[in-house]
Amino acid sequence: MNKNIIIYNIQHQKVTKKIPNHKKTLYLPLERKAFVYIKIIYNNISMYLDQKAKEKLFKKHGGDAKNTGSAEGQIALFTHRIEHLTAHLKNNRKDYNTERSLVMLVGKRRSLLDYLTKKDVLRYRAIVKELGLRK
């Protein structure tokens with residue numbers, strides 16, 4: 001899958017380039033044999049998890065869009081991030097930093113689930129059923 005990047009040259013003409021996903025830096029020839037490079041940033045968390053998505057998650061699982069501190073809302077948010085990182089790791093097997101982040105995130109979710117088990121078993125069972133965490 002290629003990504004398109006739009007660049008304007010010196011004459012302000014629109015130039016569209018297709019770049020493969022594995023490239024991190026794109027070198028473009030300009031006039032007088034000069035080169036300009038554009039650094040492509042991948043895995044920006046804010047891209048897949050914007051404010052509206054967070055509000056939707058907290059409204060569905062936390063009871064209110066502004067109730068961001070509830071255990072159910074945090075567990076739902078962690079689950080969403082875990083699913084995203086898992087999909088990323090299927091394509092990028094050697095991304096060990098993301099793998100470590102995923103393991104840490106699973107640990108955080110596990111500790112929140114343990115807290116919820118001690119506090120209120122019915123809430124724990126409800127969130128596990130809603131998110132489909134147990135098979």
# chains A, B, ... in the order shown; residues from 1 in each chain; ligands from 1

call {"tool": "residues_around", "arguments": {"residues": "stretch 93-110 of chain A", "least_positions_apart": "2", "cutoff": "12 Å", "atoms": "only C-alpha atoms", "output": "ChimeraX atom specification"}}
result
/A:43,45,71-91,112-117,124,127-128,133

call {"tool": "write_last_selection", "arguments": {"atoms": "N, CA and C atoms", "output": "CSV table (one decimal), in the first residue's frame"}}
result
chain,number,residue,atom,x,y,z
A,43,ASN,N,3.0,6.1,12.9
A,43,ASN,CA,2.6,5.7,14.2
A,43,ASN,C,2.3,6.8,15.1
A,45,ILE,N,0.1,8.5,17.5
A,45,ILE,CA,-1.1,8.0,18.2
A,45,ILE,C,-2.3,8.9,18.0
A,71,ALA,N,-12.7,3.4,36.0
A,71,ALA,CA,-12.0,2.2,35.6
A,71,ALA,C,-12.5,1.6,34.3
A,72,GLU,N,-13.8,1.5,34.1
A,72,GLU,CA,-14.3,1.0,32.9
A,72,GLU,C,-13.9,1.8,31.7
A,73,GLY,N,-13.9,3.1,31.8
A,73,GLY,CA,-13.4,3.9,30.7
A,73,GLY,C,-12.0,3.7,30.3
A,74,GLN,N,-11.1,3.6,31.4
A,74,GLN,CA,-9.7,3.4,31.2
A,74,GLN,C,-9.5,2.0,30.6
A,75,ILE,N,-10.2,1.0,31.0
A,75,ILE,CA,-10.0,-0.3,30.4
A,75,ILE,C,-10.4,-0.3,29.0
A,76,ALA,N,-11.5,0.4,28.7
A,76,ALA,CA,-11.9,0.4,27.3
A,76,ALA,C,-10.9,1.2,26.4
A,77,LEU,N,-10.3,2.2,26.9
A,77,LEU,CA,-9.3,3.0,26.2
A,77,LEU,C,-8.1,2.1,26.0
A,78,PHE,N,-7.6,1.4,27.0
A,78,PHE,CA,-6.5,0.5,26.9
A,78,PHE,C,-6.7,-0.6,25.9
A,79,THR,N,-7.9,-1.1,25.9
A,79,THR,CA,-8.3,-2.2,25.0
A,79,THR,C,-8.2,-1.7,23.5
A,80,HIS,N,-8.7,-0.5,23.3
A,80,HIS,CA,-8.7,0.1,22.0
A,80,HIS,C,-7.2,0.3,21.5
A,81,ARG,N,-6.4,0.8,22.4
A,81,ARG,CA,-5.0,1.0,22.0
A,81,ARG,C,-4.3,-0.3,21.8
A,82,ILE,N,-4.6,-1.4,22.6
A,82,ILE,CA,-4.0,-2.7,22.5
A,82,ILE,C,-4.4,-3.3,21.1
A,83,GLU,N,-5.6,-3.1,20.7
A,83,GLU,CA,-6.0,-3.6,19.4
A,83,GLU,C,-5.3,-2.9,18.3
A,84,HIS,N,-5.1,-1.6,18.4
A,84,HIS,CA,-4.4,-0.9,17.4
A,84,HIS,C,-2.9,-1.3,17.3
A,85,LEU,N,-2.3,-1.5,18.5
A,85,LEU,CA,-0.9,-1.9,18.5
A,85,LEU,C,-0.7,-3.3,18.0
A,86,THR,N,-1.6,-4.2,18.3
A,86,THR,CA,-1.6,-5.6,17.8
A,86,THR,C,-1.6,-5.6,16.3
A,87,ALA,N,-2.5,-4.8,15.7
A,87,ALA,CA,-2.6,-4.7,14.2
A,87,ALA,C,-1.3,-4.2,13.6
A,88,HIS,N,-0.7,-3.2,14.3
A,88,HIS,CA,0.6,-2.6,13.8
A,88,HIS,C,1.7,-3.7,13.9
A,89,LEU,N,1.7,-4.5,14.9
A,89,LEU,CA,2.8,-5.5,15.1
A,89,LEU,C,2.6,-6.6,14.1
A,90,LYS,N,1.4,-6.9,13.6
A,90,LYS,CA,1.3,-7.9,12.6
A,90,LYS,C,2.0,-7.6,11.3
A,91,ASN,N,2.0,-6.3,11.0
A,91,ASN,CA,2.7,-5.8,9.8
A,91,ASN,C,4.2,-5.5,10.1
A,112,LEU,N,-5.8,-2.8,36.3
A,112,LEU,CA,-7.1,-2.2,36.5
A,112,LEU,C,-8.3,-3.2,36.6
A,113,LEU,N,-8.2,-4.3,35.8
A,113,LEU,CA,-9.2,-5.3,35.9
A,113,LEU,C,-9.1,-6.0,37.3
A,114,ASP,N,-7.9,-6.2,37.8
A,114,ASP,CA,-7.8,-6.7,39.2
A,114,ASP,C,-8.4,-5.8,40.2
A,115,TYR,N,-8.2,-4.5,40.1
A,115,TYR,CA,-8.8,-3.5,41.0
A,115,TYR,C,-10.3,-3.6,40.9
A,116,LEU,N,-10.8,-3.7,39.7
A,116,LEU,CA,-12.3,-3.8,39.5
A,116,LEU,C,-12.8,-5.1,40.1
A,117,THR,N,-12.1,-6.2,40.0
A,117,THR,CA,-12.5,-7.4,40.6
A,117,THR,C,-12.6,-7.3,42.1
A,124,TYR,N,-16.9,-5.7,37.0
A,124,TYR,CA,-15.8,-6.4,36.3
A,124,TYR,C,-16.4,-7.3,35.2
A,127,ILE,N,-17.9,-5.3,32.2
A,127,ILE,CA,-16.9,-4.7,31.3
A,127,ILE,C,-16.2,-5.8,30.4
A,128,VAL,N,-16.0,-6.9,31.1
A,128,VAL,CA,-15.3,-8.0,30.3
A,128,VAL,C,-16.3,-8.5,29.2
A,133,LEU,N,-13.3,-9.6,26.4
A,133,LEU,CA,-11.9,-9.9,26.7
A,133,LEU,C,-11.7,-11.4,27.0

call {"tool": "select_by_dssp", "arguments": {"residues": "stretch 45-91 of chain A", "states": "helix (DSSP H, G or I)", "output": "number ranges by chain"}}
result
A: 45-48, 51-61, 71-91

call {"tool": "select_by_dssp", "arguments": {"residues": "stretch 34-128 of chain A", "states": "strand (DSSP E)", "output": "number ranges by chain"}}
result
A: 35-39

call {"tool": "write_last_selection", "arguments": {"atoms": "C-alpha atoms", "output": "PDB file, in the first residue's frame"}}
result
ATOM      1  CA  PHE A  35      17.642  18.120  -2.966  1.00  0.00           C
ATOM      2  CA  VAL A  36      15.003  18.529  -0.328  1.00  0.00           C
ATOM      3  CA  TYR A  37      13.891  15.741   1.910  1.00  0.00           C
ATOM      4  CA  ILE A  38      10.650  15.208   3.719  1.00  0.00           C
ATOM      5  CA  LYS A  39      10.614  13.070   6.805  1.00  0.00           C
TER       6      LYS A  39
END
